[in-house]
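Below is one structure, written out as structure tokens; the observations come after it.
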Amino acid sequence: MQAELWRIIKEEIAIWRVGALPGMAVIAMVIITRLSGYMQSLEWLAFDNFLRLRPAETIDERVVIIGINEEDIRSVGTYPIPDREIAVLLRKLNSLAPRVIGLDIIRDLAVEPGYTELVSAFKDIKNLVAIEKVLPEKIAPPPTLPPEQVCFADQIIDADGKLRRSLLATPTEQGYKFSLSVCLAKTYLAKQGYTLENGIRDPQALRFGNIELPRFFPNSGGYVRTDAGGVQVLLNFRSGQKRFRILSLNDIKNGKYQPQWIRDRIVIIGITAPSVKDFITTSAVVSIRPAQGRVYGVEVQAHASSAIISAVLDSRPLLNSWADCWEYAWIISWGVLGIAFARLTKSPWRNLVAVVIASTILIAVSYLFLLYWGLWVPLVPAILVLNLNGIAMTALYQYDQALRSRIEARQALIERTFETIHNGPLQTLAKALKTIREQDLSSEELLPAVEKELEKLNYELRGIYEFLQREPLTQDRSLYLGNGLLLNLQDPIHTVLYQVYDHTLQREFSCFSTLRVKIVTFDPIDDHLSIEQKRGLCRFLEEALCNVGKHATGVTRLVVSCTQNEGWYTLKIIDDGLGSISAKEGRGTQQFRNLARQLRGKF
């Protein structure tokens, strides 16, 4: 039993190996392709689509944008906006008691008229933060502001021209500096009791209270060998079409606002006029403008500030990714699942359905990871290895199965042919040899006897040849017993067995001549045997009867019973002859023991 189990295990391992080795090669090829960076754009595309497909979030009332649009520029009559207009706007907003004001407009040079008034406003408004640019081209901050009220507005654009990351801090020649979004969030959260500190798990990261902003690394998510200088994070854009309250310069001038919209809020002033071209391209948000994918620079600052304060105050997830080892374990797992589908699904259509369902689950799980935990998992390489292994390996397994079936069919044909020869021509040949060896006959008497047996042998061999020339379907469903007799194995087993008995007893074996009593019982049974199992039982009965005819010296009584009792179907051949017993099992006996195991019976 253990040997049979071990044989089955080894056979199963051999079958799995057919798809496992090519499947692992496919996984390795996909991983190498990913490491080379050729999948980066596809992974970015999937990431952007997931972000864009998130349910719309409510407006973040804590962040207000003052966007100077085309109508504002026309009403002022010039661009850049004069310093006086900026100064008046700052003082008006400051009078409404915002928690912090961010000026996302470059003011390194005076724009008359009103420079003196703007300098005075800078001096008086302590909760104001203005911008400079530090990378790669430097633009100085307003010269009159102290360093603690100046932060940089630089953004990092990916190779496809789209924004997905936010630079929060970077070393410069003037020291370590923070982005405008960090400065605004730091001032806003200070009133809630949160201070900006270094991370605990990652000392180079930024932290507010227990919330550590997950730092971007060169291979984070779908990125490959990307510059991760400074402190960068993946930017978790706010979803939906209306993300922040946006007021114009004229709205503030004309009083078209509610004071509570400004009070205790983060207010960011910037340009939202298309002619100024202060915008960045992204696919992560739904755009309501004709120019799809464009987000103004002031909106980017709003998104970045909102992401930080929402994570700290609302537990909104920050975007992160697994370590490299876990990402590749994830990819390999889906590739192995594809191999398993190819092996376990017997039908190509079932395999296709299984792969489609698994791909849908993979997409859904990846989306849910991003939606609820902010986790960017590798979707594109995982879905590639799943589909390539699931579909391509199916064809390989189908080919292997067809090849094995052909080999098994060929082996079965060889076995059936040998059984037919063994129970027919070989028995005749054995009889002829016995005649030559044991009979004390003269040459004149021996020759006719041997000639008769050889003619019979010739006839039987030709009969086998003619049988093998028949259609394979006829061979598979028939049993050839010699003398042109063909039994239909689709008939009930007791009928076929009786035909085998009747034919074999008519053969010219020496021991059959002494038989006096024949007791035969073939009970009808409800059998569910396969064609091959029926053939095995017939061959067993035929060979057992042939052995009686050849070796049961002095036999007078033969009992052949095929009965059913208490769930057992018993086939017995009993004689009273004096046959010789061999200590070594023959090939036939070994075959019949195997047949008993297949039938879950006993021999």
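Here, A, B, ... name the chains of the structure tokens in the order displayed, residue numbers run from 1 inside each chain, and ligands are numbered from 1 in the same displayed order.
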Query raised in the report: Tell me, which residues of region 19-187 of chain A carry DSSP alpha helix (DSSP H), written as a ChimeraX atom specification?
Result: /A:19-35,40-52,70-76,83-95,115-124,180-187
Name the residues of region 239-351 of chain A that fall into strand (DSSP E) according to DSSP on the backbone, using the chain letters and numbers of this document, as a PDB file with all heavy atoms, in the first residue's frame.
```pdb
ATOM      1  N   ARG A 245     -12.662  74.196  -0.875  1.00  0.00           N
ATOM      2  CA  ARG A 245     -13.390  75.428  -1.194  1.00  0.00           C
ATOM      3  C   ARG A 245     -12.419  76.386  -1.875  1.00  0.00           C
ATOM      4  O   ARG A 245     -11.331  76.669  -1.351  1.00  0.00           O
ATOM      5  CB  ARG A 245     -13.944  76.059   0.081  1.00  0.00           C
ATOM      6  CG  ARG A 245     -14.941  77.188  -0.197  1.00  0.00           C
ATOM      7  CD  ARG A 245     -15.389  77.827   1.089  1.00  0.00           C
ATOM      8  NE  ARG A 245     -15.939  76.864   2.023  1.00  0.00           N
ATOM      9  CZ  ARG A 245     -17.184  76.388   1.950  1.00  0.00           C
ATOM     10  NH1 ARG A 245     -17.987  76.761   0.973  1.00  0.00           N
ATOM     11  NH2 ARG A 245     -17.609  75.518   2.857  1.00  0.00           N
ATOM     12  N   ILE A 246     -12.806  76.861  -3.052  1.00  0.00           N
ATOM     13  CA  ILE A 246     -11.945  77.765  -3.822  1.00  0.00           C
ATOM     14  C   ILE A 246     -12.658  79.107  -3.977  1.00  0.00           C
ATOM     15  O   ILE A 246     -13.775  79.175  -4.507  1.00  0.00           O
ATOM     16  CB  ILE A 246     -11.612  77.172  -5.203  1.00  0.00           C
ATOM     17  CG1 ILE A 246     -10.898  75.814  -5.044  1.00  0.00           C
ATOM     18  CG2 ILE A 246     -10.738  78.139  -6.001  1.00  0.00           C
ATOM     19  CD1 ILE A 246     -10.564  75.147  -6.357  1.00  0.00           C
ATOM     20  N   LEU A 247     -12.009  80.161  -3.497  1.00  0.00           N
ATOM     21  CA  LEU A 247     -12.511  81.534  -3.634  1.00  0.00           C
ATOM     22  C   LEU A 247     -11.555  82.310  -4.529  1.00  0.00           C
ATOM     23  O   LEU A 247     -10.362  82.013  -4.586  1.00  0.00           O
ATOM     24  CB  LEU A 247     -12.620  82.206  -2.264  1.00  0.00           C
ATOM     25  CG  LEU A 247     -13.504  81.492  -1.220  1.00  0.00           C
ATOM     26  CD1 LEU A 247     -13.388  82.198   0.126  1.00  0.00           C
ATOM     27  CD2 LEU A 247     -14.950  81.466  -1.681  1.00  0.00           C
ATOM     28  N   SER A 248     -12.069  83.310  -5.211  1.00  0.00           N
ATOM     29  CA  SER A 248     -11.231  84.129  -6.084  1.00  0.00           C
ATOM     30  C   SER A 248     -10.839  85.420  -5.377  1.00  0.00           C
ATOM     31  O   SER A 248     -11.365  85.758  -4.301  1.00  0.00           O
ATOM     32  CB  SER A 248     -11.978  84.450  -7.377  1.00  0.00           C
ATOM     33  OG  SER A 248     -13.090  85.284  -7.110  1.00  0.00           O
ATOM     34  N   ILE A 266      -6.588  76.720   7.160  1.00  0.00           N
ATOM     35  CA  ILE A 266      -5.383  76.918   6.359  1.00  0.00           C
ATOM     36  C   ILE A 266      -5.822  77.616   5.077  1.00  0.00           C
ATOM     37  O   ILE A 266      -6.654  77.098   4.330  1.00  0.00           O
ATOM     38  CB  ILE A 266      -4.709  75.580   6.008  1.00  0.00           C
ATOM     39  CG1 ILE A 266      -4.196  74.888   7.264  1.00  0.00           C
ATOM     40  CG2 ILE A 266      -3.570  75.785   5.011  1.00  0.00           C
ATOM     41  CD1 ILE A 266      -3.607  73.502   6.998  1.00  0.00           C
ATOM     42  N   VAL A 267      -5.280  78.784   4.816  1.00  0.00           N
ATOM     43  CA  VAL A 267      -5.630  79.539   3.615  1.00  0.00           C
ATOM     44  C   VAL A 267      -4.392  79.603   2.728  1.00  0.00           C
ATOM     45  O   VAL A 267      -3.319  80.021   3.162  1.00  0.00           O
ATOM     46  CB  VAL A 267      -6.108  80.961   3.966  1.00  0.00           C
ATOM     47  CG1 VAL A 267      -6.430  81.737   2.695  1.00  0.00           C
ATOM     48  CG2 VAL A 267      -7.325  80.908   4.884  1.00  0.00           C
ATOM     49  N   ILE A 268      -4.537  79.132   1.474  1.00  0.00           N
ATOM     50  CA  ILE A 268      -3.411  79.123   0.541  1.00  0.00           C
ATOM     51  C   ILE A 268      -3.768  80.003  -0.652  1.00  0.00           C
ATOM     52  O   ILE A 268      -4.801  79.812  -1.300  1.00  0.00           O
ATOM     53  CB  ILE A 268      -3.102  77.690   0.051  1.00  0.00           C
ATOM     54  CG1 ILE A 268      -3.012  76.719   1.234  1.00  0.00           C
ATOM     55  CG2 ILE A 268      -1.801  77.662  -0.744  1.00  0.00           C
ATOM     56  CD1 ILE A 268      -2.799  75.270   0.830  1.00  0.00           C
ATOM     57  N   ILE A 269      -2.891  80.966  -0.927  1.00  0.00           N
ATOM     58  CA  ILE A 269      -3.099  81.896  -2.036  1.00  0.00           C
ATOM     59  C   ILE A 269      -2.216  81.462  -3.197  1.00  0.00           C
ATOM     60  O   ILE A 269      -1.011  81.232  -3.030  1.00  0.00           O
ATOM     61  CB  ILE A 269      -2.747  83.336  -1.611  1.00  0.00           C
ATOM     62  CG1 ILE A 269      -3.538  83.742  -0.358  1.00  0.00           C
ATOM     63  CG2 ILE A 269      -2.998  84.304  -2.750  1.00  0.00           C
ATOM     64  CD1 ILE A 269      -3.050  85.032   0.268  1.00  0.00           C
ATOM     65  N   GLY A 270      -2.837  81.346  -4.391  1.00  0.00           N
ATOM     66  CA  GLY A 270      -2.067  80.963  -5.552  1.00  0.00           C
ATOM     67  C   GLY A 270      -2.752  81.363  -6.835  1.00  0.00           C
ATOM     68  O   GLY A 270      -3.816  82.002  -6.821  1.00  0.00           O
ATOM     69  N   ILE A 271      -2.161  81.001  -7.956  1.00  0.00           N
ATOM     70  CA  ILE A 271      -2.670  81.371  -9.275  1.00  0.00           C
ATOM     71  C   ILE A 271      -3.455  80.190  -9.861  1.00  0.00           C
ATOM     72  O   ILE A 271      -2.970  79.059  -9.901  1.00  0.00           O
ATOM     73  CB  ILE A 271      -1.521  81.741 -10.228  1.00  0.00           C
ATOM     74  CG1 ILE A 271      -0.664  82.858  -9.616  1.00  0.00           C
ATOM     75  CG2 ILE A 271      -2.067  82.150 -11.588  1.00  0.00           C
ATOM     76  CD1 ILE A 271      -1.404  84.168  -9.408  1.00  0.00           C
ATOM     77  N   PHE A 279       0.527  75.012 -13.447  1.00  0.00           N
ATOM     78  CA  PHE A 279      -0.187  73.764 -13.153  1.00  0.00           C
ATOM     79  C   PHE A 279       0.735  72.576 -13.383  1.00  0.00           C
ATOM     80  O   PHE A 279       1.779  72.671 -14.019  1.00  0.00           O
ATOM     81  CB  PHE A 279      -1.453  73.629 -14.010  1.00  0.00           C
ATOM     82  CG  PHE A 279      -1.240  73.842 -15.472  1.00  0.00           C
ATOM     83  CD1 PHE A 279      -0.599  72.881 -16.262  1.00  0.00           C
ATOM     84  CD2 PHE A 279      -1.673  75.011 -16.091  1.00  0.00           C
ATOM     85  CE1 PHE A 279      -0.403  73.082 -17.618  1.00  0.00           C
ATOM     86  CE2 PHE A 279      -1.478  75.218 -17.449  1.00  0.00           C
ATOM     87  CZ  PHE A 279      -0.841  74.248 -18.220  1.00  0.00           C
ATOM     88  N   ILE A 280       0.294  71.454 -12.838  1.00  0.00           N
ATOM     89  CA  ILE A 280       1.040  70.193 -12.924  1.00  0.00           C
ATOM     90  C   ILE A 280       0.081  69.130 -13.425  1.00  0.00           C
ATOM     91  O   ILE A 280      -1.114  69.159 -13.129  1.00  0.00           O
ATOM     92  CB  ILE A 280       1.608  69.809 -11.537  1.00  0.00           C
ATOM     93  CG1 ILE A 280       2.632  70.849 -11.081  1.00  0.00           C
ATOM     94  CG2 ILE A 280       2.263  68.426 -11.584  1.00  0.00           C
ATOM     95  CD1 ILE A 280       3.151  70.630  -9.681  1.00  0.00           C
ATOM     96  N   THR A 281       0.600  68.171 -14.208  1.00  0.00           N
ATOM     97  CA  THR A 281      -0.232  67.098 -14.757  1.00  0.00           C
ATOM     98  C   THR A 281      -0.250  65.905 -13.812  1.00  0.00           C
ATOM     99  O   THR A 281       0.782  65.523 -13.264  1.00  0.00           O
ATOM    100  CB  THR A 281       0.313  66.659 -16.123  1.00  0.00           C
ATOM    101  OG1 THR A 281       0.351  67.780 -17.002  1.00  0.00           O
ATOM    102  CG2 THR A 281      -0.584  65.587 -16.736  1.00  0.00           C
ATOM    103  N   ARG A 294      -4.920  68.347 -15.283  1.00  0.00           N
ATOM    104  CA  ARG A 294      -4.126  69.501 -14.831  1.00  0.00           C
ATOM    105  C   ARG A 294      -4.582  69.931 -13.438  1.00  0.00           C
ATOM    106  O   ARG A 294      -5.770  70.108 -13.184  1.00  0.00           O
ATOM    107  CB  ARG A 294      -4.277  70.671 -15.790  1.00  0.00           C
ATOM    108  CG  ARG A 294      -3.622  70.420 -17.140  1.00  0.00           C
ATOM    109  CD  ARG A 294      -3.750  71.628 -18.041  1.00  0.00           C
ATOM    110  NE  ARG A 294      -3.072  71.417 -19.317  1.00  0.00           N
ATOM    111  CZ  ARG A 294      -3.033  72.313 -20.293  1.00  0.00           C
ATOM    112  NH1 ARG A 294      -3.670  73.482 -20.151  1.00  0.00           N
ATOM    113  NH2 ARG A 294      -2.397  72.056 -21.414  1.00  0.00           N
ATOM    114  N   VAL A 295      -3.623  70.066 -12.550  1.00  0.00           N
ATOM    115  CA  VAL A 295      -3.883  70.522 -11.188  1.00  0.00           C
ATOM    116  C   VAL A 295      -2.975  71.724 -10.943  1.00  0.00           C
ATOM    117  O   VAL A 295      -1.759  71.638 -11.139  1.00  0.00           O
ATOM    118  CB  VAL A 295      -3.598  69.420 -10.153  1.00  0.00           C
ATOM    119  CG1 VAL A 295      -3.831  69.928  -8.738  1.00  0.00           C
ATOM    120  CG2 VAL A 295      -4.466  68.203 -10.427  1.00  0.00           C
ATOM    121  N   TYR A 296      -3.569  72.845 -10.534  1.00  0.00           N
ATOM    122  CA  TYR A 296      -2.778  74.050 -10.285  1.00  0.00           C
ATOM    123  C   TYR A 296      -1.849  73.832  -9.096  1.00  0.00           C
ATOM    124  O   TYR A 296      -2.146  73.063  -8.176  1.00  0.00           O
ATOM    125  CB  TYR A 296      -3.692  75.253 -10.052  1.00  0.00           C
ATOM    126  CG  TYR A 296      -4.426  75.677 -11.304  1.00  0.00           C
ATOM    127  CD1 TYR A 296      -5.791  75.444 -11.441  1.00  0.00           C
ATOM    128  CD2 TYR A 296      -3.749  76.281 -12.356  1.00  0.00           C
ATOM    129  CE1 TYR A 296      -6.459  75.815 -12.594  1.00  0.00           C
ATOM    130  CE2 TYR A 296      -4.409  76.647 -13.515  1.00  0.00           C
ATOM    131  CZ  TYR A 296      -5.765  76.415 -13.636  1.00  0.00           C
ATOM    132  OH  TYR A 296      -6.431  76.778 -14.777  1.00  0.00           O
ATOM    133  N   ASN A 320       1.603  54.083   1.068  1.00  0.00           N
ATOM    134  CA  ASN A 320       2.821  53.368   1.410  1.00  0.00           C
ATOM    135  C   ASN A 320       2.923  52.124   0.543  1.00  0.00           C
ATOM    136  O   ASN A 320       2.005  51.815  -0.227  1.00  0.00           O
ATOM    137  CB  ASN A 320       2.790  52.985   2.905  1.00  0.00           C
ATOM    138  CG  ASN A 320       4.176  52.653   3.431  1.00  0.00           C
ATOM    139  OD1 ASN A 320       5.172  52.787   2.724  1.00  0.00           O
ATOM    140  ND2 ASN A 320       4.243  52.203   4.671  1.00  0.00           N
ATOM    141  N   SER A 321       3.999  51.387   0.654  1.00  0.00           N
ATOM    142  CA  SER A 321       4.171  50.141  -0.089  1.00  0.00           C
ATOM    143  C   SER A 321       4.936  49.157   0.774  1.00  0.00           C
ATOM    144  O   SER A 321       5.539  49.523   1.791  1.00  0.00           O
ATOM    145  CB  SER A 321       4.918  50.393  -1.410  1.00  0.00           C
ATOM    146  OG  SER A 321       6.214  50.915  -1.157  1.00  0.00           O
TER     147      SER A 321
END
```
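Checking A:Ile531, A:Val224, A:Val496, A:Leu386 one by one against Ser333 (chain A), counting only C-alpha atoms, you find the shortest gap at A:Leu386.
Near Asn488 (chain A), within 6 Å and counting only C-alpha atoms, sit Ser478, Gln490 and Asp491 of chain A, not including residues fewer than 2 positions from it in the same chain.
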**Report entry** Who sits within 9 Å of Ala307 (chain A), only C-alpha atoms, same chain under 5 positions skipped, as a ChimeraX atom specification
**Finding:** /A:235-238,302,312,316-318
Report task. Rank nothing, just name the residue among A:Ile105, A:Ile86, A:Val560, A:Val182 nearest to Val119 (chain A), using only C-alpha atoms. Result ->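 Of A:Ile105, A:Ile86, A:Val560, A:Val182, the one nearest Val119 (chain A), counting only C-alpha atoms, is A:Ile86.
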Report task. Show which residues sit within 9 Å of Leu529 (chain A), as a PyMOL selection string. Count only C-alpha atoms, and ignore same-chain residues fewer than 3 positions away. Result -> chain A and resi 493+532-534+599
Can those selected residues be exported to a file as a PDB file, in the first residue's frame so that it contains N, CA, C and O atoms?
```
ATOM      1  N   ILE A 493     -21.152  -8.405 -17.275  1.00  0.00           N
ATOM      2  CA  ILE A 493     -19.925  -9.128 -16.973  1.00  0.00           C
ATOM      3  C   ILE A 493     -20.167 -10.631 -16.855  1.00  0.00           C
ATOM      4  O   ILE A 493     -19.344 -11.452 -17.306  1.00  0.00           O
ATOM      5  N   GLU A 532     -11.708  -1.857 -19.042  1.00  0.00           N
ATOM      6  CA  GLU A 532     -10.413  -2.452 -18.732  1.00  0.00           C
ATOM      7  C   GLU A 532     -10.520  -3.432 -17.577  1.00  0.00           C
ATOM      8  O   GLU A 532      -9.842  -4.472 -17.554  1.00  0.00           O
ATOM      9  N   GLN A 533     -11.377  -3.124 -16.591  1.00  0.00           N
ATOM     10  CA  GLN A 533     -11.543  -4.036 -15.467  1.00  0.00           C
ATOM     11  C   GLN A 533     -12.230  -5.333 -15.918  1.00  0.00           C
ATOM     12  O   GLN A 533     -11.865  -6.431 -15.486  1.00  0.00           O
ATOM     13  N   LYS A 534     -13.228  -5.211 -16.804  1.00  0.00           N
ATOM     14  CA  LYS A 534     -13.874  -6.401 -17.355  1.00  0.00           C
ATOM     15  C   LYS A 534     -12.864  -7.251 -18.135  1.00  0.00           C
ATOM     16  O   LYS A 534     -12.831  -8.476 -18.029  1.00  0.00           O
ATOM     17  N   LEU A 599      -9.472  -3.105  -8.191  1.00  0.00           N
ATOM     18  CA  LEU A 599     -10.883  -3.348  -7.893  1.00  0.00           C
ATOM     19  C   LEU A 599     -11.185  -3.249  -6.397  1.00  0.00           C
ATOM     20  O   LEU A 599     -12.322  -3.450  -5.986  1.00  0.00           O
TER      21      LEU A 599
END
```
Query - Close residues, Asp202 (chain A) itself excluded, 10 Å, only C-alpha atoms, min 3 positions apart in chain, as JSON, numbers by chain - result: {"A": [198, 199, 205, 206, 207, 212, 213, 214, 215]}
Written file, previous selection with N, CA and C atoms, as a compact mmCIF listing (two decimals), in the first residue's frame:
```
# COMPACT_ATOMS: atom_id res chain seq x y z
N ASN A 198 11.19 63.80 14.38
CA ASN A 198 11.73 62.72 13.55
C ASN A 198 10.97 61.42 13.83
N GLY A 199 10.96 60.54 12.82
CA GLY A 199 10.25 59.27 12.99
C GLY A 199 10.91 58.36 14.00
N ALA A 205 12.34 59.88 8.67
CA ALA A 205 10.98 60.29 8.30
C ALA A 205 10.50 61.41 9.21
N LEU A 206 9.37 62.02 8.83
CA LEU A 206 8.75 63.06 9.65
C LEU A 206 7.59 62.46 10.41
N ARG A 207 7.32 63.02 11.60
CA ARG A 207 6.28 62.45 12.45
C ARG A 207 5.54 63.56 13.18
N GLU A 212 3.54 58.63 11.65
CA GLU A 212 4.81 58.78 10.95
C GLU A 212 4.54 58.78 9.45
N LEU A 213 5.01 59.80 8.77
CA LEU A 213 4.78 59.91 7.33
C LEU A 213 5.70 58.93 6.60
N PRO A 214 5.13 57.87 5.96
CA PRO A 214 5.98 56.83 5.35
C PRO A 214 6.83 57.40 4.23
N ARG A 215 8.14 57.23 4.38
CA ARG A 215 9.07 57.84 3.45
C ARG A 215 9.11 57.06 2.13
```
Report task. Excluding Leu485 (chain A) and any residue of its chain fewer than 5 positions from it, enumerate the residues within 9 Å of it, using only C-alpha atoms, and give them as a VMD selection string. Result -> chain A and resid 479 to 480 503
For the selection just defined, write its residues with all heavy atoms to a file, as a JSON list (two decimals), in the first residue's frame.
```json
[["chain", "number", "residue", "atom", "x", "y", "z"],
["A", 479, "LEU", "N", -12.94, -8.10, -26.75],
["A", 479, "LEU", "CA", -11.94, -9.04, -26.25],
["A", 479, "LEU", "C", -11.79, -10.15, -27.28],
["A", 479, "LEU", "O", -12.76, -10.85, -27.63],
["A", 479, "LEU", "CB", -12.40, -9.64, -24.91],
["A", 479, "LEU", "CG", -11.46, -10.69, -24.30],
["A", 479, "LEU", "CD1", -10.14, -10.04, -23.89],
["A", 479, "LEU", "CD2", -12.12, -11.36, -23.11],
["A", 480, "TYR", "N", -10.58, -10.33, -27.79],
["A", 480, "TYR", "CA", -10.32, -11.34, -28.82],
["A", 480, "TYR", "C", -9.87, -12.63, -28.14],
["A", 480, "TYR", "O", -8.90, -12.64, -27.37],
["A", 480, "TYR", "CB", -9.24, -10.84, -29.78],
["A", 480, "TYR", "CG", -8.92, -11.83, -30.88],
["A", 480, "TYR", "CD1", -9.83, -12.05, -31.92],
["A", 480, "TYR", "CD2", -7.73, -12.54, -30.88],
["A", 480, "TYR", "CE1", -9.55, -12.96, -32.92],
["A", 480, "TYR", "CE2", -7.44, -13.44, -31.88],
["A", 480, "TYR", "CZ", -8.36, -13.65, -32.91],
["A", 480, "TYR", "OH", -8.08, -14.55, -33.91],
["A", 503, "HIS", "N", -15.64, -20.88, -24.34],
["A", 503, "HIS", "CA", -14.64, -20.95, -25.41],
["A", 503, "HIS", "C", -13.38, -21.68, -24.94],
["A", 503, "HIS", "O", -12.83, -22.53, -25.65],
["A", 503, "HIS", "CB", -14.28, -19.54, -25.88],
["A", 503, "HIS", "CG", -13.08, -19.50, -26.78],
["A", 503, "HIS", "ND1", -13.13, -19.87, -28.10],
["A", 503, "HIS", "CD2", -11.78, -19.16, -26.52],
["A", 503, "HIS", "CE1", -11.93, -19.75, -28.63],
["A", 503, "HIS", "NE2", -11.09, -19.32, -27.69]]
```
Report task. Measuring atom to atom with only C-alpha atoms, identify which of A:Ser220, A:Asn565, A:Thr553, A:Asn69 is nearest to Val276 (chain A). Result ->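 Nearest to Val276 (chain A): A:Asn69.
Shortest separation to Ile59 (chain A) among A:Ser95, A:Gln149, A:His303, A:Val233 occurs at residue A:His303, atoms counted being only C-alpha atoms.
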